[in-house]
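query13.csv follows (CSV, C-alpha atoms):
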```
chain,number,residue,atom,x,y,z
A,363,MET,CA,15.6,-19.2,-23.2
A,364,GLY,CA,13.7,-22.4,-23.8
A,365,ARG,CA,13.2,-23.9,-27.2
A,366,VAL,CA,9.7,-23.4,-28.6
A,367,GLU,CA,8.2,-25.4,-31.3
A,368,GLY,CA,7.2,-24.2,-34.7
A,369,SER,CA,9.0,-22.3,-37.4
A,370,PRO,CA,8.1,-20.5,-40.6
A,371,GLU,CA,10.0,-22.9,-42.7
A,372,GLN,CA,11.3,-26.0,-41.1
A,373,GLY,CA,11.4,-26.5,-37.4
A,374,LEU,CA,11.9,-25.3,-34.0
A,375,MET,CA,12.6,-21.8,-33.1
A,376,THR,CA,13.7,-20.4,-29.8
A,377,ALA,CA,12.3,-17.2,-28.4
A,378,SER,CA,15.4,-15.4,-29.5
A,379,GLU,CA,15.1,-16.8,-33.0
A,380,ILE,CA,11.4,-15.7,-33.1
A,381,ALA,CA,12.5,-12.2,-32.1
A,382,ALA,CA,15.2,-12.1,-34.7
A,383,TYR,CA,12.8,-13.4,-37.3
A,384,LEU,CA,10.1,-10.8,-36.5
A,385,LEU,CA,12.6,-7.9,-36.4
A,386,GLY,CA,14.0,-9.0,-39.7
A,387,LYS,CA,10.6,-9.5,-41.4
A,388,CYS,CA,8.8,-6.4,-40.0
A,389,ALA,CA,10.9,-3.3,-40.8
A,390,LEU,CA,8.2,-1.0,-39.4
A,391,LEU,CA,8.8,-2.4,-35.9
A,392,GLU,CA,11.6,0.1,-35.6
A,393,HIS,CA,8.8,2.7,-35.1
A,394,PHE,CA,7.3,0.7,-32.2
A,395,ASP,CA,8.3,-0.9,-29.0
A,396,ALA,CA,7.9,-4.6,-29.4
A,397,TYR,CA,8.0,-7.2,-26.6
A,398,MET,CA,7.5,-10.9,-26.0
A,399,PHE,CA,5.8,-12.2,-22.9
A,400,GLY,CA,4.2,-15.3,-21.7
A,401,SER,CA,5.0,-19.0,-22.0
A,402,THR,CA,7.1,-18.7,-25.1
A,403,LEU,CA,9.8,-17.1,-23.1
A,404,HIS,CA,10.1,-20.3,-21.1
A,405,GLY,CA,9.6,-23.0,-23.7
A,406,VAL,CA,6.8,-24.3,-25.8
A,407,GLY,CA,3.6,-22.2,-25.7
A,408,GLN,CA,0.3,-22.7,-27.4
A,409,ASP,CA,0.9,-19.3,-29.1
A,410,ILE,CA,3.5,-16.6,-29.2
A,411,ASP,CA,2.5,-13.5,-27.2
A,412,ILE,CA,3.8,-10.3,-28.6
A,413,LEU,CA,3.1,-6.8,-27.3
A,414,ILE,CA,3.5,-3.8,-29.6
A,415,VAL,CA,3.3,-0.3,-28.2
A,416,GLY,CA,3.1,2.7,-30.4
A,417,PRO,CA,1.1,5.0,-32.6
A,418,GLY,CA,-2.1,4.0,-34.4
A,419,GLY,CA,-3.3,5.1,-37.8
A,420,ASP,CA,-1.7,4.2,-41.1
A,421,LEU,CA,1.6,3.2,-39.7
A,422,LEU,CA,-0.1,0.6,-37.4
A,423,ALA,CA,-2.2,-0.6,-40.3
A,424,GLN,CA,1.0,-1.2,-42.4
A,425,LEU,CA,2.7,-2.9,-39.5
A,426,LYS,CA,-0.2,-5.3,-39.1
A,427,LYS,CA,0.2,-6.3,-42.7
A,428,GLU,CA,3.8,-7.0,-42.2
A,429,ILE,CA,3.1,-9.0,-39.1
A,430,ASP,CA,0.3,-10.9,-40.8
A,431,CYS,CA,2.8,-11.9,-43.5
A,432,ALA,CA,5.5,-12.8,-40.9
A,433,GLY,CA,3.0,-14.8,-38.9
A,434,GLU,CA,1.8,-17.0,-41.7
A,435,SER,CA,3.3,-20.1,-40.1
A,436,LEU,CA,3.6,-19.0,-36.5
A,437,PRO,CA,0.8,-18.8,-33.9
A,438,LEU,CA,1.3,-15.2,-33.1
A,439,HIS,CA,-1.0,-13.5,-30.6
A,440,ILE,CA,-0.4,-9.8,-30.9
A,441,LEU,CA,-1.6,-7.2,-28.5
A,442,TYR,CA,-1.4,-3.6,-29.7
A,443,MET,CA,-1.4,-0.8,-27.2
A,444,GLN,CA,-1.1,2.9,-27.4
A,445,PRO,CA,1.6,4.3,-25.1
A,446,SER,CA,-1.0,5.8,-22.8
A,447,GLU,CA,-2.7,2.4,-22.4
A,448,GLU,CA,0.6,0.7,-21.6
A,449,ARG,CA,1.4,3.4,-19.0
A,450,HIS,CA,-2.1,3.1,-17.5
A,451,THR,CA,-2.0,-0.7,-17.3
A,452,LYS,CA,1.8,-1.0,-16.6
A,453,PHE,CA,1.5,-4.1,-18.8
A,454,VAL,CA,5.2,-4.4,-19.6
A,455,ALA,CA,6.2,-4.5,-16.0
A,456,ARG,CA,3.3,-6.6,-14.8
A,457,GLU,CA,3.7,-9.3,-17.5
A,458,LYS,CA,7.5,-9.2,-17.4
A,459,CYS,CA,7.6,-8.4,-21.1
A,460,ILE,CA,11.0,-8.5,-22.7
A,461,PRO,CA,11.9,-6.3,-25.6
A,462,LEU,CA,12.4,-8.2,-28.8
A,463,VAL,CA,15.7,-6.4,-29.4
A,464,GLN,CA,17.0,-7.8,-26.1
A,465,LEU,CA,16.1,-11.4,-27.0
A,466,VAL,CA,18.1,-11.4,-30.2
B,994,MET,CA,3.8,-32.0,-40.7
B,995,ASN,CA,2.0,-28.7,-40.6
B,996,TRP,CA,3.2,-26.1,-38.2
B,997,GLN,CA,0.0,-26.0,-36.2
B,998,ILE,CA,0.1,-29.8,-35.8
B,999,ARG,CA,3.7,-29.5,-34.3
B,1000,TYR,CA,2.5,-26.8,-31.9
B,1001,ALA,CA,-0.5,-28.9,-30.9
B,1002,LEU,CA,1.5,-32.0,-30.3
B,1003,ALA,CA,4.1,-30.1,-28.4
B,1004,SER,CA,1.5,-28.5,-26.2
B,1005,PHE,CA,-0.1,-31.8,-25.3
B,1006,ALA,CA,3.3,-33.3,-24.6
B,1007,ARG,CA,4.3,-30.4,-22.3
B,1008,GLU,CA,1.0,-30.5,-20.5
B,1009,GLY,CA,1.4,-34.2,-20.0
B,1010,ARG,CA,-2.0,-35.5,-19.0
B,1011,SER,CA,-2.9,-36.6,-22.6
B,1012,THR,CA,-0.8,-38.1,-25.4
B,1013,ALA,CA,-1.4,-37.0,-28.9
B,1014,GLU,CA,-0.3,-38.4,-32.2
B,1015,HIS,CA,-0.4,-37.1,-35.8
B,1016,VAL,CA,-2.9,-39.1,-37.9
B,1017,GLY,CA,-2.3,-37.3,-41.1
B,1018,GLY,CA,-2.9,-33.9,-42.7
B,1019,ASP,CA,-4.5,-31.6,-40.2
B,1020,VAL,CA,-5.7,-34.4,-38.0
B,1021,ILE,CA,-4.5,-35.6,-34.6
B,1022,LYS,CA,-5.7,-38.3,-32.2
B,1023,ILE,CA,-5.6,-37.6,-28.5
B,1024,MET,CA,-5.6,-40.2,-25.8
B,1025,THR,CA,-6.4,-39.5,-22.1
B,1026,PRO,CA,-6.7,-42.0,-19.4
B,1027,ASP,CA,-10.3,-42.8,-18.6
B,1028,ARG,CA,-11.6,-40.5,-21.3
B,1029,PRO,CA,-12.7,-41.2,-24.8
B,1030,GLU,CA,-10.2,-40.9,-27.6
B,1031,VAL,CA,-10.5,-37.6,-29.5
B,1032,LEU,CA,-10.1,-37.2,-33.2
B,1033,ALA,CA,-9.4,-33.5,-33.8
B,1034,ALA,CA,-8.7,-31.5,-36.9
B,1035,ILE,CA,-6.4,-28.5,-36.4
B,1036,THR,CA,-6.9,-25.8,-38.9
B,1037,THR,CA,-5.1,-22.5,-39.6
B,1038,ALA,CA,-8.0,-20.9,-41.2
B,1039,GLU,CA,-8.6,-17.4,-40.1
B,1040,THR,CA,-12.3,-17.6,-40.7
B,1041,ILE,CA,-14.2,-20.9,-40.4
B,1042,ASP,CA,-17.5,-20.8,-42.4
B,1043,GLN,CA,-20.0,-23.6,-42.8
B,1044,ALA,CA,-18.3,-24.9,-46.0
B,1045,THR,CA,-15.0,-25.2,-44.1
B,1046,ALA,CA,-16.6,-27.0,-41.2
B,1047,ALA,CA,-18.5,-29.3,-43.6
B,1048,HIS,CA,-15.3,-30.1,-45.5
B,1049,TYR,CA,-13.5,-31.3,-42.3
B,1050,ARG,CA,-16.5,-33.3,-41.1
B,1051,GLU,CA,-17.0,-35.0,-44.5
B,1052,HIS,CA,-13.3,-35.7,-45.0
B,1053,VAL,CA,-12.4,-36.9,-41.4
B,1054,ALA,CA,-14.4,-39.9,-40.5
B,1055,GLY,CA,-15.3,-39.8,-36.8
B,1056,LEU,CA,-14.3,-36.2,-36.3
B,1057,ASP,CA,-14.9,-35.2,-32.7
B,1058,PHE,CA,-13.5,-31.6,-32.6
B,1059,LEU,CA,-12.6,-28.9,-35.1
B,1060,CYS,CA,-9.9,-26.6,-33.7
B,1061,GLY,CA,-9.1,-23.2,-35.0
B,1062,TYR,CA,-5.5,-22.8,-34.0
B,1063,ARG,CA,-4.8,-19.1,-34.8
B,1064,ALA,CA,-5.5,-16.7,-32.0
B,1065,GLN,CA,-7.4,-14.5,-34.5
B,1066,CYS,CA,-9.6,-17.4,-35.8
B,1067,VAL,CA,-13.2,-16.4,-36.3
B,1068,TRP,CA,-16.1,-18.8,-36.5
B,1069,GLU,CA,-19.2,-17.9,-38.5
B,1070,GLY,CA,-22.6,-18.6,-37.1
B,1071,GLY,CA,-23.4,-21.1,-39.8
B,1072,ALA,CA,-20.3,-23.1,-39.0
B,1073,ILE,CA,-21.2,-23.1,-35.3
B,1074,GLN,CA,-24.7,-24.3,-36.0
B,1075,TYR,CA,-23.5,-27.0,-38.4
B,1076,LEU,CA,-20.9,-28.4,-36.1
B,1077,GLU,CA,-23.2,-28.4,-33.0
B,1078,GLU,CA,-26.0,-30.1,-35.0
B,1079,ASN,CA,-23.5,-32.8,-36.1
B,1080,ASP,CA,-22.0,-33.5,-32.7
B,1081,VAL,CA,-18.6,-31.9,-33.4
B,1082,GLY,CA,-17.0,-29.7,-30.8
B,1083,TRP,CA,-15.4,-26.5,-31.9
B,1084,GLY,CA,-13.1,-23.8,-30.6
B,1085,ASN,CA,-9.6,-22.8,-30.0
B,1086,PHE,CA,-6.8,-25.0,-28.7
B,1087,GLY,CA,-7.6,-24.3,-25.1
B,1088,THR,CA,-11.1,-25.5,-25.7
B,1089,LEU,CA,-9.8,-28.7,-27.2
B,1090,ALA,CA,-7.4,-29.3,-24.4
B,1091,SER,CA,-9.9,-28.8,-21.7
B,1092,ALA,CA,-12.7,-30.8,-23.5
B,1093,THR,CA,-10.3,-33.7,-24.0
B,1094,LEU,CA,-9.7,-33.8,-20.2
B,1095,LYS,CA,-13.5,-33.5,-19.5
B,1096,GLY,CA,-14.4,-36.1,-22.0
B,1097,ASP,CA,-16.9,-33.9,-23.9
B,1098,ALA,CA,-14.9,-33.0,-27.0
B,1099,ASN,CA,-17.7,-33.7,-29.4
B,1100,SER,CA,-20.1,-31.3,-27.7
B,1101,ALA,CA,-17.8,-28.6,-26.4
B,1102,PRO,CA,-18.3,-25.0,-27.7
B,1103,HIS,CA,-15.5,-22.4,-27.8
B,1104,LYS,CA,-14.7,-21.9,-24.1
B,1105,VAL,CA,-14.0,-18.2,-24.6
B,1106,TYR,CA,-17.6,-17.4,-25.6
B,1107,LYS,CA,-19.4,-20.2,-23.9
B,1108,PHE,CA,-20.6,-18.4,-20.8
B,1109,SER,CA,-21.4,-15.1,-22.4
B,1110,ASP,CA,-23.4,-16.8,-25.1
B,1111,ARG,CA,-25.3,-18.7,-22.4
B,1112,LEU,CA,-25.9,-15.5,-20.4
B,1113,LEU,CA,-27.6,-13.8,-23.3
B,1114,ARG,CA,-29.7,-16.9,-24.1
B,1115,GLN,CA,-30.8,-17.3,-20.5
B,1116,TYR,CA,-31.5,-13.6,-20.0
B,1117,GLY,CA,-35.3,-13.4,-19.3
B,1118,ARG,CA,-36.0,-10.6,-21.7
B,1119,THR,CA,-34.3,-12.2,-24.7
B,1120,ALA,CA,-36.8,-13.3,-27.4
B,1121,LYS,CA,-34.3,-14.3,-30.1
B,1122,ILE,CA,-30.6,-14.5,-30.7
B,1123,ASP,CA,-29.0,-14.6,-34.1
B,1124,ARG,CA,-25.4,-15.6,-33.6
B,1125,GLU,CA,-23.7,-14.1,-36.6
B,1126,PHE,CA,-20.2,-15.0,-35.5
B,1127,ASP,CA,-18.7,-16.6,-32.4
B,1128,ARG,CA,-18.4,-13.1,-30.8
B,1129,ILE,CA,-21.2,-11.2,-32.6
B,1130,HIS,CA,-24.8,-11.7,-31.4
B,1131,ARG,CA,-27.9,-9.9,-32.7
B,1132,VAL,CA,-30.2,-9.9,-29.7
B,1133,THR,CA,-33.9,-9.2,-30.0
B,1134,LEU,CA,-35.8,-8.6,-26.8
B,1135,HIS,CA,-39.5,-9.3,-26.1
B,1136,SER,CA,-40.0,-5.6,-26.3
B,1137,GLY,CA,-38.9,-5.6,-29.9
B,1138,ALA,CA,-35.7,-3.8,-29.3
B,1139,THR,CA,-32.7,-5.2,-31.1
B,1140,PHE,CA,-29.0,-4.9,-30.2
B,1141,ARG,CA,-26.0,-6.0,-32.1
B,1142,ILE,CA,-23.4,-7.0,-29.5
B,1143,GLY,CA,-19.8,-7.7,-30.0
B,1144,MET,CA,-17.7,-9.5,-27.4
B,1145,ILE,CA,-14.1,-8.8,-26.4
B,1146,ALA,CA,-12.6,-11.4,-24.1
B,1147,GLU,CA,-9.4,-9.6,-23.3
B,1148,TYR,CA,-8.6,-8.7,-19.7
B,1149,GLU,CA,-8.0,-5.1,-20.5
B,1150,PRO,CA,-9.6,-4.3,-23.9
B,1151,THR,CA,-7.7,-1.7,-25.8
B,1152,ALA,CA,-8.7,0.9,-28.3
B,1153,ASP,CA,-7.2,-1.2,-31.1
B,1154,GLU,CA,-9.3,-4.2,-30.1
B,1155,VAL,CA,-12.5,-2.1,-30.2
B,1156,ARG,CA,-11.5,-0.6,-33.6
B,1157,SER,CA,-10.5,-4.0,-35.0
B,1158,LEU,CA,-13.8,-5.6,-33.9
B,1159,TRP,CA,-15.7,-2.8,-35.7
B,1160,ALA,CA,-13.5,-3.1,-38.8
B,1161,ARG,CA,-13.8,-6.8,-39.0
B,1162,PHE,CA,-17.5,-7.3,-38.1
B,1163,GLY,CA,-19.1,-4.0,-38.9
B,1164,PRO,CA,-21.1,-1.7,-36.7
B,1165,VAL,CA,-22.2,-2.9,-33.3
B,1166,ASP,CA,-24.3,-1.2,-30.7
B,1167,ILE,CA,-22.4,-2.5,-27.7
B,1168,VAL,CA,-18.9,-3.9,-27.2
B,1169,TRP,CA,-19.2,-6.3,-24.3
B,1170,ASN,CA,-16.0,-7.0,-22.3
B,1171,ILE,CA,-16.9,-10.6,-21.4
B,1172,ASN,CA,-13.8,-11.2,-19.2
B,1173,PRO,CA,-15.4,-11.2,-15.7
B,1174,ASN,CA,-12.2,-9.8,-14.3
B,1175,GLY,CA,-11.6,-7.4,-17.1
B,1176,THR,CA,-11.5,-3.6,-17.2
B,1177,PRO,CA,-11.9,-1.8,-20.4
B,1178,GLN,CA,-9.3,0.9,-20.8
B,1179,PRO,CA,-10.4,4.5,-21.1
B,1180,ALA,CA,-8.9,4.6,-24.6
B,1181,ALA,CA,-11.1,1.7,-25.5
B,1182,ALA,CA,-14.2,3.4,-24.3
B,1183,ALA,CA,-13.1,6.6,-26.2
B,1184,ALA,CA,-12.6,4.5,-29.4
B,1185,GLY,CA,-16.1,3.1,-29.0
B,1186,ARG,CA,-17.6,6.6,-28.6
B,1187,GLU,CA,-15.7,7.7,-31.8
B,1188,LEU,CA,-17.2,4.8,-33.7
B,1189,GLY,CA,-20.7,5.0,-32.2
B,1190,CYS,CA,-20.9,2.2,-29.7
B,1191,GLU,CA,-20.4,1.7,-26.0
B,1192,VAL,CA,-17.9,-0.5,-24.3
B,1193,MET,CA,-19.3,-2.1,-21.1
B,1194,LYS,CA,-19.3,-5.1,-18.7
B,1195,TRP,CA,-22.2,-7.4,-18.0
B,1196,ASP,CA,-23.9,-5.4,-15.2
B,1197,GLU,CA,-24.1,-2.4,-17.4
B,1198,LEU,CA,-25.3,-4.4,-20.4
B,1199,LYS,CA,-27.9,-6.1,-18.3
B,1200,ASP,CA,-29.1,-2.8,-17.1
B,1201,ARG,CA,-29.3,-1.5,-20.7
B,1202,LEU,CA,-31.3,-4.5,-21.8
B,1203,SER,CA,-33.6,-4.2,-18.9
B,1204,LYS,CA,-34.6,-0.7,-19.9
B,1205,ALA,CA,-35.0,-1.3,-23.7
```

Just give me the structure of the file as structure tokens.
Amino acid sequence: MGRVEGSPEQGLMTASEIAAYLLGKCALLEHFDAYMFGSTLHGVGQDIDILIVGPGGDLLAQLKKEIDCAGESLPLHILYMQPSEERHTKFVAREKCIPLVQLV
Amino acid sequence: MNWQIRYALASFAREGRSTAEHVGGDVIKIMTPDRPEVLAAITTAETIDQATAAHYREHVAGLDFLCGYRAQCVWEGGAIQYLEENDVGWGNFGTLASATLKGDANSAPHKVYKFSDRLLRQYGRTAKIDREFDRIHRVTLHSGATFRIGMIAEYEPTADEVRSLWARFGPVDIVWNINPNGTPQPAAAAAGRELGCEVMKWDELKDRLSKA
């Protein structure tokens, strides 16, 4: 994976480091399927594209708070989808999304 | 150096057609062959109001462009009016990058909403537009009918994006998917119905306005 610029604290983070950081900071991600896609997988991107697939409601609202906190110093671009939306759009396959857990 | 400055400099370096350097604080200078130099402030503000815009303009002499780096950055109508009246371009990083290459950084509006804003203003039945936010327009027609329209630029608007728009900006009559190639998802349309608005593309919106 290429090295991407930007870090919560001090410097550059690779795609795998970003994945590990998010999984570590956002405990509620265990209830969702989280992926990275786009330019960050290949190097420096203007932002970090993340797809999160899962339920809505309170759990999603709490997850958004965790992600807002984790993304304080990262240009996160988060796309939230219900499982039915992902199935309908085939977004994961079409955009070659990679699960965060595979990037670590 | 702020994180958003590092990202901005890295993006210009990767793209390669312009060179950019950090001037200080939130400010960078961008040089492009045969184009004017651009002095841009890169902010991480999630909402840019008139006070924020005025702060940057007053503290950065010669400011050409104010860039909201976060994907979720929202521009209030007062900020947009202030910047446009003072010859400062505004928008996301993509807007800055393309405006730098075109040479019109100090007049460029946010590229995501540029054409949809223009479409509404040029529509023949429009009498008045109050741009409340970059993506929220209150449109008054010559007939007197008024619509509060929210714009979603995503390729495939999701239910979450419809709900988030409503939660962030309040009730709208219509959610307009402004991506010309976009297709709102059935779940997005259902979310709109639950909230009390309709999700549609331009042709349907134009038809609705024509009958109001």

With a cut-off of 7 Å and counting all atoms listed in the file, select all residues of chain B in contact with chain A and give the selection as an mmCIF file with C-alpha atoms, in the frame of the given file.
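The resulting file, out27.cif, is shown below:
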```cif
data_model
loop_
_atom_site.group_PDB
_atom_site.id
_atom_site.type_symbol
_atom_site.label_atom_id
_atom_site.label_comp_id
_atom_site.auth_asym_id
_atom_site.auth_seq_id
_atom_site.Cartn_x
_atom_site.Cartn_y
_atom_site.Cartn_z
ATOM 1 C CA TRP B 996 3.200 -26.100 -38.200
ATOM 2 C CA ARG B 999 3.700 -29.500 -34.300
ATOM 3 C CA TYR B 1000 2.500 -26.800 -31.900
ATOM 4 C CA ALA B 1003 4.100 -30.100 -28.400
ATOM 5 C CA SER B 1004 1.500 -28.500 -26.200
ATOM 6 C CA ARG B 1063 -4.800 -19.100 -34.800
ATOM 7 C CA ALA B 1064 -5.500 -16.700 -32.000
ATOM 8 C CA THR B 1151 -7.700 -1.700 -25.800
ATOM 9 C CA ASP B 1153 -7.200 -1.200 -31.100
ATOM 10 C CA GLN B 1178 -9.300 0.900 -20.800
ATOM 11 C CA ALA B 1180 -8.900 4.600 -24.600
#
```

Quiz item: Looking at all atoms listed in the file, which of B:Ala1013, B:Ala1205, B:Leu1112, B:Ile1167 is the one that sits closest to Arg1186 (chain B)?
Solution: B:Ile1167

Polymer residues at most 7 Å from region 1135-1145 of chain B, all atoms listed in the file, same-chain spacing of 2 or more positions, as a PDB file with C-alpha atoms, in the frame of the given file:
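Saved to selection20.pdb:
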```pdb
ATOM      1  CA  ARG B1118     -36.000 -10.600 -21.700  1.00  0.00           C
ATOM      2  CA  THR B1119     -34.300 -12.200 -24.700  1.00  0.00           C
ATOM      3  CA  ALA B1120     -36.800 -13.300 -27.400  1.00  0.00           C
ATOM      4  CA  ARG B1128     -18.400 -13.100 -30.800  1.00  0.00           C
ATOM      5  CA  ILE B1129     -21.200 -11.200 -32.600  1.00  0.00           C
ATOM      6  CA  HIS B1130     -24.800 -11.700 -31.400  1.00  0.00           C
ATOM      7  CA  ARG B1131     -27.900  -9.900 -32.700  1.00  0.00           C
ATOM      8  CA  VAL B1132     -30.200  -9.900 -29.700  1.00  0.00           C
ATOM      9  CA  THR B1133     -33.900  -9.200 -30.000  1.00  0.00           C
ATOM     10  CA  GLU B1147      -9.400  -9.600 -23.300  1.00  0.00           C
ATOM     11  CA  PRO B1150      -9.600  -4.300 -23.900  1.00  0.00           C
ATOM     12  CA  VAL B1165     -22.200  -2.900 -33.300  1.00  0.00           C
ATOM     13  CA  ASP B1166     -24.300  -1.200 -30.700  1.00  0.00           C
ATOM     14  CA  ILE B1167     -22.400  -2.500 -27.700  1.00  0.00           C
ATOM     15  CA  VAL B1168     -18.900  -3.900 -27.200  1.00  0.00           C
ATOM     16  CA  TRP B1169     -19.200  -6.300 -24.300  1.00  0.00           C
ATOM     17  CA  ASN B1170     -16.000  -7.000 -22.300  1.00  0.00           C
ATOM     18  CA  ILE B1171     -16.900 -10.600 -21.400  1.00  0.00           C
ATOM     19  CA  ALA B1205     -35.000  -1.300 -23.700  1.00  0.00           C
TER      20      ALA B1205
END
```

Practice problem: Counting all atoms listed in the file, note down every residue that has an atom within 10 Å of the point (12.0, -6.0, -31.2) (file coordinates), as a PyMOL selection string. | Solution: chain A and resi 380-386+388+391-392+394-398+412-414+460-466

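Reported to one decimal place, the separation of CA of Glu1069 (chain B) from CA of Gly1055 (chain B) is 22.3 Å.
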